[in-house]
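Peer 1: My structure is below; once you've seen it, I'll send some questions.
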Amino acid sequence: MLGASPKRVVLIGAGMVARTHVAACADAAGVSLYGVQSRTVEKARDLAEMAQSLVGHPVRVFHDLGAVAADPEVDFAIVLTPPNARADVIRPLAEAGKHILLEKPMGRNADEAREVVTICRDAGVTLGVVFQHRMREASRKAAQMIAANDLGALGLVEVSVPWWREQSYYDEPGRGSYARDGGGVLISQAIHTIDLALWLAGPVASVRAMVATTRFHRMESEDFVVAGLEFASGAVGSLVASTASFPGGAESITLHFDRASLHLESGELHVSWRDGRSVVFGAAGGTGGGADPMAFTHEWHQGVIEDFAAALTSGRSPAITGEDALAAHDLIDAITTSARTGGVTELTT
């Protein structure tokens with residue numbers, strides 16, 4: 001809506017990704033970073049000081065969630081807490097009428113993710129999820145090409161996440177644990193690529209998988225997964241994801257259709273037509289697949305935040321709703337179930 005006031009946002013959590021969100025909010029149209037809140041007040045103060053230097057106006061430090069919920073100036077919250085804290089953080093905010101933009105994952109498993117969706121639906125607030133890879137130019141172009149129905153039928157899907165994390169990454173208390181994170185590479189890293197693959201290729205009908213923890217990490221959960229996928233469309237595919245692939249590379253998705261193959265990697269879309277033509281869309285950039293997990297632009301987060309604020313202004317749904325995000329959680333749960341049982345796990349499509 002032309003001339004609408006910027007939506008005031010509070011960041012909940014001051015961990016690794018918080019600075020990316022500060023930069024994204026600073027550049028986002030239709031958004032004003034109003035405040036920050038963290039269980040550790042010192043971290044919140046440091047983040048607010050850094051944020052103020054970027055946004056050019058005071059950024060309030062909230063000492064608890066109750067103060068955020070009670071402030072009538074707050075339009076929505078971006079929740080950045082670890083997965084085990086999601087429902088307890090979101091419920092008081094949602095019940096106070098604050099809309100929620102949630103960093104992945106929505107919970108430690110699909111049941112917890114559905115609980116978050118239910119909390120927001122029952123409270124009548126909008127829930128969006130930060131799956132920022134959908135905002136890349138290359139991803140959007142791929143979606144447009146698929147929707148145009150010029151590629152023919154999809155036959156094969158290849159998903160690869162060859163990332164690397166130092167042991168120091170998993171030495172942080174709770175990281176890679178089931179109690180805090182809900183798992184390892186699947187739910188903490190590969191979930192972005194899984195969401196993007198499902199957005200483009202459609203739902204998975206069944207999966208057969210293996211997960212493992214390599215000798216390169218001391219951690220409770222998995223740092224390696226391989227899965228065979230059967231899609232509802234009849235296409236088949238593979239998923240290989242790891243944080244043990246030194247020195248780490250860019251995640252990729254390759255979709256093989258009757259008339260062309262689409263390859264997404266590092267922010268670029270490579271289209272190879274069966275008649276010999278080829279074209280590239282987008283621009284290469286960092287993905288955070290190596291030793292520095294934050295080696296990527298904030299522009300994709302900015303796109304999610306701008307879209308969410310615009311959705312609130314216009315009364316439409318955001319680009320990535322909580323319901324949309326459930327598909328990735330369901331597939332992750334199916335992969336871990338298949339690995340545990342040694343059999344094929346069916347999904348409801």
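By convention in this document, the chains of the structure tokens carry letters A, B, ... by their order, each chain's residues are numbered from 1, and ligands are numbered from 1 in the order they are shown.
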I need the residues of range 105-314 of chain A that end up classed as strand (DSSP E or B) by DSSP on the backbone, written out as number ranges by chain.
Peer 2: A: 127-130, 154-162, 164, 204-212, 224-231, 236-242, 244, 252-257, 260-265, 268-273, 278-282
Peer 1: I'd like the neighbourhood of range 318-330 of chain A as number ranges by chain, where a residue qualifies if any of its atoms comes within 10 Å (using only C-alpha atoms), though same-chain residues fewer than 6 positions away should be ignored.
Peer 2: A: 100-102, 104-114, 116-118, 120-121, 126-132, 134-135, 186-187, 190-199, 202-204, 303-312, 347-349
Peer 1: Just the selected residues (C-alpha atoms), exported as a PDB file, in the first residue's frame, please.
Peer 2:
```pdb
ATOM      1  CA  ILE A 100       6.050 -14.093  13.472  1.00  0.00           C
ATOM      2  CA  LEU A 101       8.858 -14.493  10.949  1.00  0.00           C
ATOM      3  CA  LEU A 102      10.763 -17.597  12.000  1.00  0.00           C
ATOM      4  CA  LYS A 104      14.558 -22.359  10.109  1.00  0.00           C
ATOM      5  CA  PRO A 105      13.887 -24.895  11.429  1.00  0.00           C
ATOM      6  CA  MET A 106      10.424 -24.329  12.889  1.00  0.00           C
ATOM      7  CA  GLY A 107      11.107 -26.976  15.516  1.00  0.00           C
ATOM      8  CA  ARG A 108      13.214 -30.009  16.282  1.00  0.00           C
ATOM      9  CA  ASN A 109      10.867 -32.247  14.309  1.00  0.00           C
ATOM     10  CA  ALA A 110       7.703 -32.121  12.226  1.00  0.00           C
ATOM     11  CA  ASP A 111       5.400 -32.387  15.260  1.00  0.00           C
ATOM     12  CA  GLU A 112       6.973 -29.329  16.861  1.00  0.00           C
ATOM     13  CA  ALA A 113       6.793 -27.482  13.539  1.00  0.00           C
ATOM     14  CA  ARG A 114       3.072 -28.208  13.344  1.00  0.00           C
ATOM     15  CA  VAL A 116       4.118 -23.606  15.876  1.00  0.00           C
ATOM     16  CA  VAL A 117       1.776 -23.431  12.877  1.00  0.00           C
ATOM     17  CA  THR A 118      -1.188 -24.192  15.152  1.00  0.00           C
ATOM     18  CA  CYS A 120      -0.042 -18.836  15.108  1.00  0.00           C
ATOM     19  CA  ARG A 121      -3.209 -19.951  13.338  1.00  0.00           C
ATOM     20  CA  THR A 126       0.779 -14.438  10.196  1.00  0.00           C
ATOM     21  CA  LEU A 127       3.625 -16.959  10.289  1.00  0.00           C
ATOM     22  CA  GLY A 128       6.458 -16.799   7.768  1.00  0.00           C
ATOM     23  CA  VAL A 129       9.638 -18.879   7.567  1.00  0.00           C
ATOM     24  CA  VAL A 130      13.121 -17.749   6.519  1.00  0.00           C
ATOM     25  CA  PHE A 131      13.940 -20.083   3.625  1.00  0.00           C
ATOM     26  CA  GLN A 132      15.920 -17.373   1.878  1.00  0.00           C
ATOM     27  CA  ARG A 134      13.823 -19.131  -2.615  1.00  0.00           C
ATOM     28  CA  MET A 135      14.609 -15.424  -2.962  1.00  0.00           C
ATOM     29  CA  LEU A 186      19.715 -32.472   7.859  1.00  0.00           C
ATOM     30  CA  ILE A 187      17.807 -30.034  10.033  1.00  0.00           C
ATOM     31  CA  ALA A 190      20.498 -29.202   4.384  1.00  0.00           C
ATOM     32  CA  ILE A 191      16.972 -28.050   5.268  1.00  0.00           C
ATOM     33  CA  HIS A 192      17.410 -24.950   3.076  1.00  0.00           C
ATOM     34  CA  THR A 193      18.295 -27.011   0.008  1.00  0.00           C
ATOM     35  CA  ILE A 194      15.604 -29.571   0.822  1.00  0.00           C
ATOM     36  CA  ASP A 195      12.976 -26.819   0.962  1.00  0.00           C
ATOM     37  CA  LEU A 196      14.137 -25.360  -2.342  1.00  0.00           C
ATOM     38  CA  ALA A 197      14.184 -28.787  -4.032  1.00  0.00           C
ATOM     39  CA  LEU A 198      10.646 -29.554  -2.862  1.00  0.00           C
ATOM     40  CA  TRP A 199       9.437 -26.110  -3.958  1.00  0.00           C
ATOM     41  CA  GLY A 202       7.128 -31.145  -5.823  1.00  0.00           C
ATOM     42  CA  PRO A 203       6.441 -33.526  -2.936  1.00  0.00           C
ATOM     43  CA  VAL A 204       8.292 -36.753  -2.178  1.00  0.00           C
ATOM     44  CA  GLY A 303      14.065 -10.344   0.318  1.00  0.00           C
ATOM     45  CA  VAL A 304      12.233 -12.562   2.820  1.00  0.00           C
ATOM     46  CA  ILE A 305      11.832  -9.715   5.313  1.00  0.00           C
ATOM     47  CA  GLU A 306      10.623  -7.238   2.688  1.00  0.00           C
ATOM     48  CA  ASP A 307       8.099  -9.747   1.378  1.00  0.00           C
ATOM     49  CA  PHE A 308       6.836 -10.502   4.899  1.00  0.00           C
ATOM     50  CA  ALA A 309       6.367  -6.816   5.721  1.00  0.00           C
ATOM     51  CA  ALA A 310       4.596  -6.234   2.403  1.00  0.00           C
ATOM     52  CA  ALA A 311       2.337  -9.216   3.094  1.00  0.00           C
ATOM     53  CA  LEU A 312       1.297  -7.724   6.427  1.00  0.00           C
ATOM     54  CA  LEU A 347       5.019 -39.801   3.042  1.00  0.00           C
ATOM     55  CA  THR A 348       1.507 -38.437   2.763  1.00  0.00           C
ATOM     56  CA  THR A 349       1.336 -36.283  -0.359  1.00  0.00           C
TER      57      THR A 349
END
```
Peer 1: Using DSSP on the backbone coordinates, identify the residues of range 66-283 of chain A assigned to helix (DSSP H, G or I); present them as a PyMOL selection string.
Peer 2: chain A and resi 66-70+83-95+110-123+132-135+137-147+167-171+185-201
Peer 1: A:Gly343, A:Pro82, A:Gly56, A:Gly155: which is nearest Ser233 in chain A, counting only C-alpha atoms?
Peer 2: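 Smallest distance to Ser233 in chain A is found for A:Gly155.
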Peer 1: Just the residues within 10 Å of range 16-23 of chain A, please, counting only C-alpha atoms, with nothing from its chain fewer than 6 positions along; format it as a short mmCIF file (atom, residue, chain, number, x, y, z; two decimals) with N, CA and C atoms, in the first residue's frame.
Peer 2:
```cif
data_model
loop_
_atom_site.label_atom_id
_atom_site.label_comp_id
_atom_site.auth_asym_id
_atom_site.auth_seq_id
_atom_site.Cartn_x
_atom_site.Cartn_y
_atom_site.Cartn_z
N LEU A 33 13.81 -1.53 12.09
CA LEU A 33 14.29 -2.35 13.20
C LEU A 33 14.07 -1.57 14.49
N VAL A 36 15.69 -5.34 19.94
CA VAL A 36 16.27 -6.68 20.01
C VAL A 36 16.04 -7.22 21.41
N ALA A 44 22.35 -8.77 23.72
CA ALA A 44 21.33 -7.90 23.14
C ALA A 44 21.84 -6.46 23.04
N LEU A 47 24.32 -6.21 20.20
CA LEU A 47 23.64 -6.28 18.91
C LEU A 47 22.90 -4.97 18.63
N ALA A 48 22.27 -4.39 19.64
CA ALA A 48 21.55 -3.13 19.44
C ALA A 48 22.51 -2.01 19.07
N MET A 50 25.41 -2.33 17.52
CA MET A 50 25.81 -2.58 16.13
C MET A 50 24.68 -2.19 15.17
N ALA A 51 23.44 -2.56 15.54
CA ALA A 51 22.29 -2.27 14.68
C ALA A 51 22.08 -0.77 14.52
N GLN A 52 22.23 -0.02 15.61
CA GLN A 52 22.01 1.41 15.55
C GLN A 52 22.97 2.09 14.58
N LEU A 54 23.98 0.89 11.87
CA LEU A 54 23.54 0.60 10.50
C LEU A 54 22.23 1.28 10.14
N VAL A 55 21.27 1.26 11.07
CA VAL A 55 19.94 1.78 10.74
C VAL A 55 19.83 3.28 10.96
N ILE A 78 11.10 -11.30 14.49
CA ILE A 78 11.90 -12.30 13.78
C ILE A 78 12.55 -13.16 14.85
N VAL A 79 12.18 -14.43 14.90
CA VAL A 79 12.61 -15.32 15.97
C VAL A 79 13.82 -16.12 15.50
N LEU A 80 14.95 -15.95 16.22
CA LEU A 80 16.23 -16.54 15.84
C LEU A 80 16.76 -17.51 16.89
N THR A 81 15.93 -17.90 17.83
CA THR A 81 16.37 -18.76 18.94
C THR A 81 16.66 -20.18 18.46
N GLU A 103 13.13 -18.08 11.78
CA GLU A 103 14.28 -18.74 11.16
C GLU A 103 14.06 -20.24 11.16
N PRO A 293 30.62 -20.29 8.31
CA PRO A 293 29.21 -20.54 8.01
C PRO A 293 28.42 -19.29 7.65
N MET A 294 29.00 -18.11 7.86
CA MET A 294 28.28 -16.88 7.56
C MET A 294 28.78 -16.21 6.28
N PHE A 296 27.96 -15.49 3.32
CA PHE A 296 26.94 -15.30 2.30
C PHE A 296 26.34 -13.91 2.45
N THR A 297 25.70 -13.44 1.41
CA THR A 297 25.10 -12.12 1.40
C THR A 297 23.84 -12.08 2.27
N HIS A 298 23.51 -10.88 2.77
CA HIS A 298 22.25 -10.73 3.52
C HIS A 298 21.09 -10.39 2.59
N GLU A 299 21.33 -10.28 1.30
CA GLU A 299 20.29 -9.82 0.38
C GLU A 299 19.12 -10.78 0.31
N TRP A 300 19.39 -12.10 0.43
CA TRP A 300 18.29 -13.07 0.36
C TRP A 300 17.41 -12.96 1.60
N HIS A 301 18.02 -12.78 2.78
CA HIS A 301 17.23 -12.53 3.99
C HIS A 301 16.43 -11.24 3.83
N GLN A 302 17.06 -10.25 3.26
CA GLN A 302 16.36 -8.98 3.02
C GLN A 302 15.11 -9.22 2.18
N ILE A 305 12.37 -10.70 4.37
CA ILE A 305 11.83 -9.71 5.31
C ILE A 305 10.96 -8.68 4.59
#
```
